[in-house]
>>> print(open('my_file32.tsv').read())   # TSV, C-alpha atoms and all ligand atoms
chain	number	residue	atom	x	y	z
A	1	MET	CA	11.69	-6.23	17.44
A	2	GLY	CA	13.87	-3.78	19.31
A	3	ASP	CA	13.37	-1.82	22.51
A	4	THR	CA	10.21	-0.06	21.30
A	5	LYS	CA	8.27	-3.29	21.53
A	6	GLN	CA	5.53	-2.34	23.93
A	7	THR	CA	2.04	-2.67	22.59
A	8	PHE	CA	0.24	0.54	21.75
A	9	ALA	CA	-2.89	-0.39	23.68
A	10	GLY	CA	-6.24	1.34	23.61
A	11	ASN	CA	-5.95	2.29	19.96
A	12	VAL	CA	-8.92	1.44	17.79
A	13	ILE	CA	-6.80	-0.14	15.03
A	14	THR	CA	-4.73	-2.31	17.38
A	15	ASP	CA	-7.90	-3.45	19.17
A	16	MET	CA	-9.76	-4.11	15.91
A	17	CYS	CA	-6.93	-5.93	14.15
A	18	GLY	CA	-5.31	-7.64	17.14
A	19	VAL	CA	-1.84	-6.17	16.50
A	20	ALA	CA	0.65	-4.21	18.61
A	21	TYR	CA	0.87	-1.05	16.48
A	22	PRO	CA	-1.51	0.88	14.20
A	23	ILE	CA	1.10	0.72	11.45
A	24	VAL	CA	-0.10	-0.77	8.20
A	25	LEU	CA	1.89	-1.96	5.20
A	26	ALA	CA	0.38	-0.87	1.86
A	27	GLY	CA	-0.70	-3.89	-0.16
A	28	MET	CA	1.62	-3.03	-3.04
A	29	ALA	CA	0.97	-5.21	-6.11
A	30	ALA	CA	3.77	-7.75	-6.58
A	31	ILE	CA	5.99	-5.90	-4.09
A	32	SER	CA	4.21	-6.76	-0.81
A	33	GLY	CA	4.71	-10.53	-0.91
A	34	PRO	CA	4.54	-13.13	1.87
A	35	LYS	CA	8.00	-12.39	3.30
A	36	LEU	CA	7.40	-8.67	3.66
A	37	VAL	CA	3.87	-9.14	5.01
A	38	ALA	CA	5.05	-11.67	7.59
A	39	ALA	CA	7.99	-9.45	8.59
A	40	VAL	CA	5.65	-6.51	9.25
A	41	ALA	CA	3.15	-8.73	11.09
A	42	ASN	CA	5.86	-10.35	13.23
A	43	ALA	CA	7.12	-6.85	14.13
A	44	GLY	CA	3.68	-5.88	15.43
A	45	GLY	CA	2.18	-4.04	12.42
A	46	VAL	CA	-0.52	-5.03	9.95
A	47	GLY	CA	1.09	-6.68	6.93
A	48	VAL	CA	-1.05	-6.51	3.76
A	49	LEU	CA	-0.41	-8.69	0.71
A	50	GLY	CA	-0.48	-7.04	-2.71
A	51	GLY	CA	-3.13	-9.23	-4.34
A	52	LEU	CA	-3.73	-7.12	-7.45
A	53	ARG	CA	-3.22	-9.11	-10.68
A	54	LEU	CA	-2.47	-12.38	-8.86
A	55	ALA	CA	-4.19	-15.37	-10.46
A	56	PRO	CA	-6.59	-16.95	-7.90
A	57	LYS	CA	-4.33	-20.01	-7.52
A	58	VAL	CA	-1.26	-17.85	-6.81
A	59	LEU	CA	-3.26	-15.63	-4.46
A	60	ARG	CA	-4.18	-18.72	-2.43
A	61	GLU	CA	-0.55	-19.85	-2.40
A	62	TRP	CA	0.60	-16.40	-1.20
A	63	LEU	CA	-2.03	-16.33	1.55
A	64	ARG	CA	-1.01	-19.80	2.73
A	65	GLU	CA	2.69	-19.04	2.47
A	66	THR	CA	2.19	-15.93	4.60
A	67	ARG	CA	0.26	-17.94	7.17
A	68	GLY	CA	3.22	-20.32	7.32
A	69	LEU	CA	5.57	-17.43	8.14
A	70	THR	CA	3.51	-15.71	10.84
A	71	ASP	CA	0.80	-16.58	13.31
A	72	ARG	CA	-0.15	-12.89	13.59
A	73	PRO	CA	-3.13	-11.28	11.82
A	74	PHE	CA	-2.54	-9.85	8.33
A	75	GLY	CA	-4.51	-8.59	5.33
A	76	VAL	CA	-4.77	-8.64	1.54
A	77	ASN	CA	-5.35	-5.85	-0.98
A	78	ILE	CA	-7.35	-6.15	-4.20
A	79	VAL	CA	-8.52	-3.80	-6.93
A	80	PRO	CA	-11.85	-4.96	-8.46
A	81	GLN	CA	-11.41	-3.50	-11.96
A	82	PHE	CA	-8.60	-5.93	-12.85
A	83	GLY	CA	-9.01	-9.23	-14.66
A	84	GLY	CA	-12.69	-8.88	-15.57
A	85	PRO	CA	-15.67	-9.80	-13.35
A	86	ALA	CA	-15.18	-13.59	-13.51
A	87	VAL	CA	-11.50	-13.54	-12.58
A	88	PHE	CA	-12.11	-10.96	-9.89
A	89	GLU	CA	-14.92	-13.06	-8.40
A	90	ALA	CA	-12.63	-16.11	-8.37
A	91	GLN	CA	-10.00	-14.00	-6.60
A	92	PHE	CA	-12.58	-12.80	-4.10
A	93	GLN	CA	-13.78	-16.36	-3.44
A	94	VAL	CA	-10.21	-17.35	-2.53
A	95	ILE	CA	-10.09	-14.49	-0.05
A	96	LEU	CA	-13.44	-15.47	1.49
A	97	GLN	CA	-12.22	-19.05	1.85
A	98	GLU	CA	-8.76	-18.26	3.20
A	99	ARG	CA	-10.13	-15.37	5.27
A	100	PRO	CA	-7.16	-13.22	6.30
A	101	ARG	CA	-8.03	-10.75	9.09
A	102	LEU	CA	-8.32	-7.68	6.86
A	103	LEU	CA	-9.46	-6.88	3.33
A	104	SER	CA	-7.99	-3.72	1.80
A	105	LEU	CA	-9.86	-2.23	-1.17
A	106	PHE	CA	-8.71	0.35	-3.70
A	107	TYR	CA	-10.72	1.82	-6.59
A	108	ALA	CA	-13.73	-0.16	-5.38
A	109	GLU	CA	-16.46	2.49	-5.50
A	110	ASP	CA	-18.88	0.67	-7.84
A	111	ALA	CA	-18.37	-2.78	-6.37
A	112	GLY	CA	-17.79	-1.43	-2.85
A	113	ALA	CA	-21.11	-1.98	-1.06
A	114	ASP	CA	-21.42	-5.60	-2.16
A	115	LEU	CA	-17.76	-6.50	-1.51
A	116	ILE	CA	-17.70	-4.83	1.88
A	117	ALA	CA	-20.89	-6.60	3.00
A	118	ARG	CA	-19.66	-10.01	1.82
A	119	ALA	CA	-16.24	-9.62	3.45
A	120	LYS	CA	-17.77	-8.43	6.71
A	121	ASP	CA	-20.24	-11.33	6.69
A	122	ALA	CA	-17.20	-13.62	6.45
A	123	GLY	CA	-15.80	-11.95	9.58
A	124	MET	CA	-13.16	-9.77	7.93
A	125	ILE	CA	-12.30	-6.15	8.69
A	126	VAL	CA	-12.60	-3.96	5.59
A	127	MET	CA	-10.32	-1.01	4.90
A	128	VAL	CA	-10.89	1.33	1.94
A	129	GLN	CA	-8.32	3.79	0.62
A	130	THR	CA	-9.53	7.11	-0.81
A	131	GLY	CA	-7.97	10.41	-1.79
A	132	THR	CA	-11.04	12.65	-1.60
A	133	VAL	CA	-13.57	13.54	1.07
A	134	ALA	CA	-16.45	12.50	-1.20
A	135	LEU	CA	-15.00	9.02	-1.76
A	136	ALA	CA	-14.30	8.62	1.96
A	137	ARG	CA	-17.93	9.51	2.74
A	138	GLN	CA	-19.09	6.95	0.21
A	139	ALA	CA	-16.81	4.21	1.61
A	140	ILE	CA	-18.10	4.84	5.13
A	141	ALA	CA	-21.71	4.80	3.92
A	142	GLN	CA	-20.95	1.46	2.24
A	143	GLY	CA	-19.81	0.04	5.58
A	144	ALA	CA	-15.99	0.37	5.59
A	145	ASP	CA	-14.45	-0.35	9.02
A	146	ILE	CA	-11.33	1.73	8.33
A	147	VAL	CA	-10.71	4.51	5.82
A	148	VAL	CA	-7.28	5.46	4.55
A	149	ALA	CA	-6.77	9.13	3.71
A	150	GLN	CA	-4.39	8.89	0.77
A	151	GLY	CA	-2.55	12.18	0.39
A	152	SER	CA	-1.17	13.23	-2.98
A	153	GLU	CA	2.34	12.61	-1.59
A	154	SER	CA	1.65	8.89	-2.01
A	155	GLY	CA	3.60	6.60	-4.29
A	156	GLY	CA	1.90	4.40	-6.86
A	157	HIS	CA	-1.70	5.05	-7.89
A	158	LEU	CA	-3.84	7.72	-6.36
A	159	ASN	CA	-7.58	7.48	-5.80
A	160	ARG	CA	-7.97	10.10	-7.17
A	161	GLY	CA	-7.16	13.20	-5.36
A	162	THR	CA	-4.60	15.85	-5.68
A	163	VAL	CA	-5.00	16.91	-2.05
A	164	GLY	CA	-2.00	16.82	0.29
A	165	LEU	CA	-2.27	14.76	3.47
A	166	MET	CA	-2.25	17.75	5.83
A	167	SER	CA	-5.49	19.07	4.32
A	168	LEU	CA	-7.07	15.74	3.45
A	169	LEU	CA	-6.66	13.92	6.77
A	170	PRO	CA	-8.57	16.36	9.04
A	171	ALA	CA	-11.26	16.82	6.37
A	172	ILE	CA	-11.86	13.07	6.14
A	173	ILE	CA	-11.81	12.71	9.94
A	174	ASP	CA	-14.50	15.42	10.06
A	175	VAL	CA	-16.90	13.34	7.97
A	176	ALA	CA	-15.88	9.92	9.35
A	177	HIS	CA	-18.29	9.96	12.34
A	178	GLY	CA	-15.89	7.91	14.44
A	179	CYS	CA	-14.78	5.50	11.71
A	180	PRO	CA	-10.99	5.24	12.19
A	181	VAL	CA	-8.89	7.04	9.58
A	182	LEU	CA	-5.31	6.10	8.67
A	183	ALA	CA	-2.86	8.60	7.19
A	184	ALA	CA	-1.01	7.66	3.99
A	185	GLY	CA	1.41	9.54	1.77
A	186	GLY	CA	5.08	10.08	2.49
A	187	ILE	CA	5.00	8.39	5.92
A	188	THR	CA	8.62	7.37	6.48
A	189	THR	CA	9.86	8.37	9.94
A	190	SER	CA	8.70	8.56	13.56
A	191	GLN	CA	8.22	12.33	13.11
A	192	ASP	CA	5.82	11.70	10.23
A	193	VAL	CA	3.82	9.33	12.42
A	194	ARG	CA	3.78	11.85	15.27
A	195	ALA	CA	2.49	14.56	12.92
A	196	ALA	CA	-0.24	12.31	11.50
A	197	MET	CA	-1.36	11.21	14.97
A	198	SER	CA	-1.45	14.80	16.18
A	199	LEU	CA	-3.83	15.61	13.30
A	200	GLY	CA	-6.18	12.91	14.60
A	201	ALA	CA	-5.15	9.84	12.58
A	202	SER	CA	-5.84	6.47	14.21
A	203	GLY	CA	-2.69	5.09	12.62
A	204	VAL	CA	-0.62	5.18	9.43
A	205	LEU	CA	-0.22	3.25	6.20
A	206	ALA	CA	3.13	3.23	4.38
A	207	GLY	CA	4.21	1.89	1.02
A	208	THR	CA	7.43	3.42	-0.27
A	209	ALA	CA	9.21	3.14	3.10
A	210	PHE	CA	8.58	-0.64	3.09
A	211	LEU	CA	9.38	-0.98	-0.60
A	212	ALA	CA	12.93	-0.10	0.46
A	213	SER	CA	13.11	-2.97	2.93
A	214	GLU	CA	15.11	-6.18	2.68
A	215	GLU	CA	12.03	-8.39	2.43
A	216	SER	CA	10.20	-6.49	-0.34
A	217	ASN	CA	9.93	-8.03	-3.81
A	218	ALA	CA	11.19	-4.84	-5.48
A	219	HIS	CA	14.07	-5.20	-7.94
A	220	PRO	CA	17.47	-4.26	-6.41
A	221	LEU	CA	17.83	-1.45	-9.01
A	222	TYR	CA	14.42	-0.12	-7.98
A	223	LYS	CA	15.44	-0.08	-4.31
A	224	HIS	CA	18.64	1.68	-5.31
A	225	ARG	CA	16.69	4.42	-7.10
A	226	ILE	CA	14.61	4.97	-3.98
A	227	LEU	CA	17.82	5.52	-1.99
A	228	GLU	CA	19.26	7.88	-4.61
A	229	ALA	CA	16.09	9.97	-5.01
A	230	GLY	CA	15.62	13.25	-3.17
A	231	THR	CA	12.41	14.91	-2.04
A	232	ASP	CA	12.03	16.82	-5.34
A	233	ASP	CA	12.50	13.73	-7.48
A	234	THR	CA	8.99	12.27	-7.76
A	235	GLU	CA	6.38	13.34	-10.27
A	236	TYR	CA	2.57	13.18	-10.30
A	237	ARG	CA	1.42	11.78	-13.63
A	238	THR	CA	-1.80	10.97	-15.42
A	239	GLY	CA	-0.40	9.17	-18.46
A	240	TYR	CA	0.11	5.43	-18.91
A	241	SER	CA	0.94	3.12	-16.05
A	242	PHE	CA	1.32	-0.59	-16.42
A	243	GLY	CA	-2.10	-2.24	-16.88
A	244	TRP	CA	-4.19	0.66	-15.53
A	245	PRO	CA	-6.71	2.69	-17.58
A	246	TYR	CA	-4.94	5.55	-19.31
A	247	GLY	CA	-5.17	8.69	-17.20
A	248	THR	CA	-5.20	7.02	-13.76
A	249	PRO	CA	-3.10	9.33	-11.58
A	250	HIS	CA	0.11	7.92	-10.13
A	251	ARG	CA	3.37	9.12	-8.61
A	252	VAL	CA	6.75	7.92	-9.88
A	253	ILE	CA	10.45	8.63	-9.88
A	254	PRO	CA	10.55	9.57	-13.57
A	255	ASN	CA	13.13	8.08	-15.86
A	256	ARG	CA	14.77	11.04	-17.67
A	257	ASP	CA	16.50	9.08	-20.42
A	258	ARG	CA	14.89	10.76	-23.44
A	259	TRP	CA	15.77	8.01	-25.96
A	260	ASN	CA	14.02	5.36	-23.88
A	261	LEU	CA	10.29	5.23	-24.64
A	262	LEU	CA	9.58	2.94	-21.69
A	263	ARG	CA	10.25	5.98	-19.49
A	264	LEU	CA	6.68	7.06	-20.31
A	265	ILE	CA	5.32	3.99	-18.50
A	266	GLY	CA	4.82	4.04	-14.74
A	267	GLY	CA	5.61	0.66	-13.21
A	268	GLY	CA	6.97	-1.28	-10.28
A	269	ALA	CA	9.80	-3.63	-11.24
A	270	ARG	CA	10.08	-6.85	-9.24
A	271	ALA	CA	13.19	-8.77	-8.29
A	272	ILE	CA	12.25	-11.39	-10.90
A	273	ASP	CA	12.07	-8.82	-13.75
A	274	GLN	CA	14.95	-8.18	-16.12
A	275	ASP	CA	17.39	-5.44	-15.14
A	276	SER	CA	16.45	-3.56	-18.33
A	277	VAL	CA	12.86	-3.23	-17.10
A	278	ALA	CA	13.97	-1.74	-13.78
A	279	ARG	CA	16.34	0.59	-15.63
A	280	LYS	CA	13.81	1.85	-18.17
A	281	LEU	CA	10.49	2.31	-16.36
A	282	SER	CA	9.48	5.34	-14.36
A	283	LEU	CA	9.16	3.72	-10.94
A	284	TYR	CA	6.31	4.15	-8.45
A	285	ALA	CA	7.42	6.03	-5.34
A	286	GLY	CA	6.08	8.58	-2.88
A	287	GLN	CA	7.46	11.92	-1.76
A	288	GLY	CA	9.00	10.36	1.35
A	289	VAL	CA	11.91	9.05	-0.78
A	290	GLY	CA	14.17	11.88	0.37
A	291	LYS	CA	14.11	10.44	3.89
A	292	ILE	CA	15.07	6.90	2.90
A	293	HIS	CA	18.83	6.41	3.05
A	294	ARG	CA	19.28	2.71	3.60
A	295	ILE	CA	17.58	-0.60	2.85
A	296	MET	CA	16.60	-2.00	6.21
A	297	PRO	CA	14.75	-5.02	7.57
A	298	ALA	CA	11.00	-4.27	7.63
A	299	ALA	CA	10.97	-4.84	11.41
A	300	GLU	CA	13.38	-1.94	11.80
A	301	ARG	CA	11.05	0.33	9.78
A	302	VAL	CA	8.08	-0.76	11.92
A	303	ALA	CA	10.09	0.05	15.07
A	304	GLU	CA	11.08	3.46	13.63
A	305	LEU	CA	7.44	4.30	12.83
A	306	ALA	CA	6.26	2.95	16.19
A	307	ARG	CA	8.53	5.41	18.00
A	308	GLY	CA	6.25	8.16	16.67
A	309	LEU	CA	3.27	6.70	18.51
A	310	SER	CA	4.47	7.45	22.04
B	1	LIG	C1	5.14	0.39	-5.58
B	1	LIG	C2	3.76	0.71	-5.11
B	1	LIG	C3	2.71	-0.14	-5.46
B	1	LIG	C4	1.43	0.12	-4.99
B	1	LIG	N1	0.44	-0.77	-5.29
B	1	LIG	C5	-0.78	-0.62	-4.72
B	1	LIG	C6	-1.79	-1.62	-4.88
B	1	LIG	O1	-1.59	-2.62	-5.56
B	1	LIG	N2	-2.97	-1.44	-4.26
B	1	LIG	C7	-3.22	-0.34	-3.47
B	1	LIG	O2	-4.29	-0.24	-2.88
B	1	LIG	N3	-2.30	0.65	-3.34
B	1	LIG	C8	-1.09	0.52	-3.92
B	1	LIG	N4	-0.14	1.50	-3.74
B	1	LIG	C9	-0.48	2.74	-3.01
B	1	LIG	C10	-0.41	2.51	-1.51
B	1	LIG	O3	-1.57	1.81	-1.09
B	1	LIG	C11	-0.31	3.80	-0.68
B	1	LIG	O4	-1.33	4.69	-0.99
B	1	LIG	C12	1.01	4.53	-0.84
B	1	LIG	O5	2.09	3.65	-0.87
B	1	LIG	C13	1.19	5.53	0.30
B	1	LIG	O6	2.21	6.43	0.03
B	1	LIG	P1	3.76	6.16	0.31
B	1	LIG	O7	4.21	5.25	-0.77
B	1	LIG	O8	4.37	7.51	0.23
B	1	LIG	O9	3.88	5.52	1.67
B	1	LIG	C14	1.17	1.27	-4.20
B	1	LIG	C15	2.23	2.11	-3.86
B	1	LIG	C16	3.51	1.85	-4.29
B	1	LIG	C17	4.62	2.76	-3.88
>>> encode(input="my_file32.tsv", output="structure tokens")
Amino acid sequence: MGDTKQTFAGNVITDMCGVAYPIVLAGMAAISGPKLVAAVANAGGVGVLGGLRLAPKVLREWLRETRGLTDRPFGVNIVPQFGGPAVFEAQFQVILQERPRLLSLFYAEDAGADLIARAKDAGMIVMVQTGTVALARQAIAQGADIVVAQGSESGGHLNRGTVGLMSLLPAIIDVAHGCPVLAAGGITTSQDVRAAMSLGASGVLAGTAFLASEESNAHPLYKHRILEAGTDDTEYRTGYSFGWPYGTPHRVIPNRDRWNLLRLIGGGARAIDQDSVARKLSLYAGQGVGKIHRIMPAAERVAELARGLS
């Protein structure tokens, strides 16, 4: 855990979640698996499982596997629009039964009030990620305990804003009435954390920086493309991304091979996928890619980010 391992006491997120640092792993579908979540949790952050698209049985296995790898608190992310109402309800029942510390919701506006109330009744903390002030207001009115301000720098899907973090974060804090707000989008280094905290964030949430960690489920070729990419190399798109409604905004490192039609699909190749998939998709990644030069253990990334807290 390195020499930065002092707890960051008196912070609303650390107090609420029972962790050392207000540093949260994005619950990246398929990529944030038990090993990565446990590594972040054991290093003092909040690990969040990527639960999207997991069959209820597998979701339970992942939650239990994570619990076997860490005795620290952790969370799980879900996106209600996937799988249809019956499958989603079965997924949600697993979460209520297994009860990780935190539930992270994305694209949950319609189902939000009901889900938030049920998760809170079960004793969970509920975090909602939004990319507009209006959606943040709505999440807070629905009872969210934590709101994530998702800047347009962010990798993967965006909900739904095109607003950069520097404008979005203070605007959401203004309407949050004391509800803690995390900063997301391009958070990669201790300087990024320092900047976010100085704008009033209660902590940070990072995806791409942890995607490029040893424990993530990302395909080795995917991790390699993150290392190769520079700051200018990601693209905001509204076309097709794997399994999402057409037009859902997302940020990728585009594949420029013009004879390869799969380049038009945004995706996130896993270690278990064929090499050809990782080579052909346009891969989810945030604008922080230019600052990622090496695949490191997740604990090292947590320690790097934690240095920005002091
Ligand atoms: C590969 C990848 C997959 C993602 N999958 C999800 C997801 O399943 N659910 C979710 O709420 N957010 C997901 N996100 C978005 C993150 O929650 C977060 O907004 C984003 O990673 C922050 O920007 P950053 O990648 O620059 O750190 C994903 C992001 C990436 C990069």
>>> closest_residue(input="my_file32.tsv", among="A:Ala196, A:Ala136, A:Ala218, A:Ile116", to="Gln274 (chain A)", atoms="all atoms listed in the file")
A:Ala218
>>> closest_residue(input="my_file32.tsv", among="A:Leu221, A:Thr130, A:Glu228, A:Ile173", to="Ser202 (chain A)", atoms="all atoms listed in the file")
A:Ile173
>>> atom_distance(input="my_file32.tsv", atom1="CA of Leu135 (chain A)", atom2="CA of Val181 (chain A)")
13.0 Å
>>> residues_around(input="my_file32.tsv", residues="region 242-255 of chain A", least_positions_apart="2", cutoff="7 Å", atoms="all atoms listed in the file", output="number ranges by chain")
A: 154-158, 160, 233-240, 257, 263, 265-267, 280-286
>>> atom_distance(input="my_file32.tsv", atom1="CA of Gly47 (chain A)", atom2="CA of Ala9 (chain A)")
18.3 Å
>>> closest_residue(input="my_file32.tsv", among="A:Ala39, A:Ser152, A:Leu309, A:His219", to="Ser198 (chain A)", atoms="only C-alpha atoms")
A:Leu309
>>> residues_around(input="my_file32.tsv", residues="region 85-91 of chain A", least_positions_apart="4", cutoff="12 Å", atoms="only C-alpha atoms", output="list in words")
Gly51, Leu52, Arg53, Leu54, Ala55, Pro56, Lys57, Val58, Leu59, Arg60, Glu61, Leu63, Val76, Asn77, Ile78, Val79, Pro80, Gln81, Ile95, Leu96, Gln97, Glu98, Arg99, Ala108, Ala111, Asp114, Leu115 and Arg118 of chain A
>>> closest_residue(input="my_file32.tsv", among="A:Gly84, A:Pro34, A:Gly50, A:Pro180", to="Gly203 (chain A)", atoms="only C-alpha atoms")
A:Pro180
>>> residues_around(input="my_file32.tsv", residues="Ser190 (chain A)", least_positions_apart="4", cutoff="10 Å", atoms="all atoms listed in the file", output="CSV table (one decimal) with C-alpha atoms, in the coordinates of the input")
chain,number,residue,atom,x,y,z
A,194,ARG,CA,3.8,11.8,15.3
A,195,ALA,CA,2.5,14.6,12.9
A,196,ALA,CA,-0.2,12.3,11.5
A,301,ARG,CA,11.0,0.3,9.8
A,302,VAL,CA,8.1,-0.8,11.9
A,303,ALA,CA,10.1,0.0,15.1
A,304,GLU,CA,11.1,3.5,13.6
A,305,LEU,CA,7.4,4.3,12.8
A,306,ALA,CA,6.3,3.0,16.2
A,307,ARG,CA,8.5,5.4,18.0
A,308,GLY,CA,6.2,8.2,16.7
A,309,LEU,CA,3.3,6.7,18.5
A,310,SER,CA,4.5,7.4,22.0
>>> closest_residue(input="my_file32.tsv", among="A:Ile226, A:Ala41, A:Ala113, A:Cys179", to="ligand LIG 1 (chain B)", atoms="all atoms listed in the file")
A:Ile226
>>> atom_distance(input="my_file32.tsv", atom1="CA of Met124 (chain A)", atom2="atom C13 of ligand LIG 1 (chain B)")
22.3 Å
>>> closest_residue(input="my_file32.tsv", among="A:Leu25, A:Leu262, A:Ala206, A:Ala229", to="Val48 (chain A)", atoms="all atoms listed in the file")
A:Leu25
>>> residues_around(input="my_file32.tsv", residues="Val40 (chain A)", least_positions_apart="3", cutoff="8 Å", atoms="all atoms listed in the file", output="list in words")
Leu25, Leu36, Val37, Ala43, Gly44, Gly45, Val46, Gly47, Ala298, Ala299 and Val302 of chain A
>>> residues_near_point(input="my_file32.tsv", point="(10.0, 7.5, 4.6)", cutoff="10 Å", atoms="only C-alpha atoms", output="list in words")
Gly185, Gly186, Ile187, Thr188, Thr189, Ser190, Gln191, Asp192, Ala206, Gly207, Thr208, Ala209, Phe210, Leu211, Ala212, Gly286, Gln287, Gly288, Val289, Gly290, Lys291, Ile292, His293, Arg301, Glu304 and Leu305 of chain A
>>> axis_aligned_box(input="my_file32.tsv", around="region 113-116 of chain A", padding_each_side="5 Å", output="JSON")
{"center_x": -19.6, "center_y": -4.2, "center_z": -0.1, "size_x": 13.7, "size_y": 14.5, "size_z": 14.0}
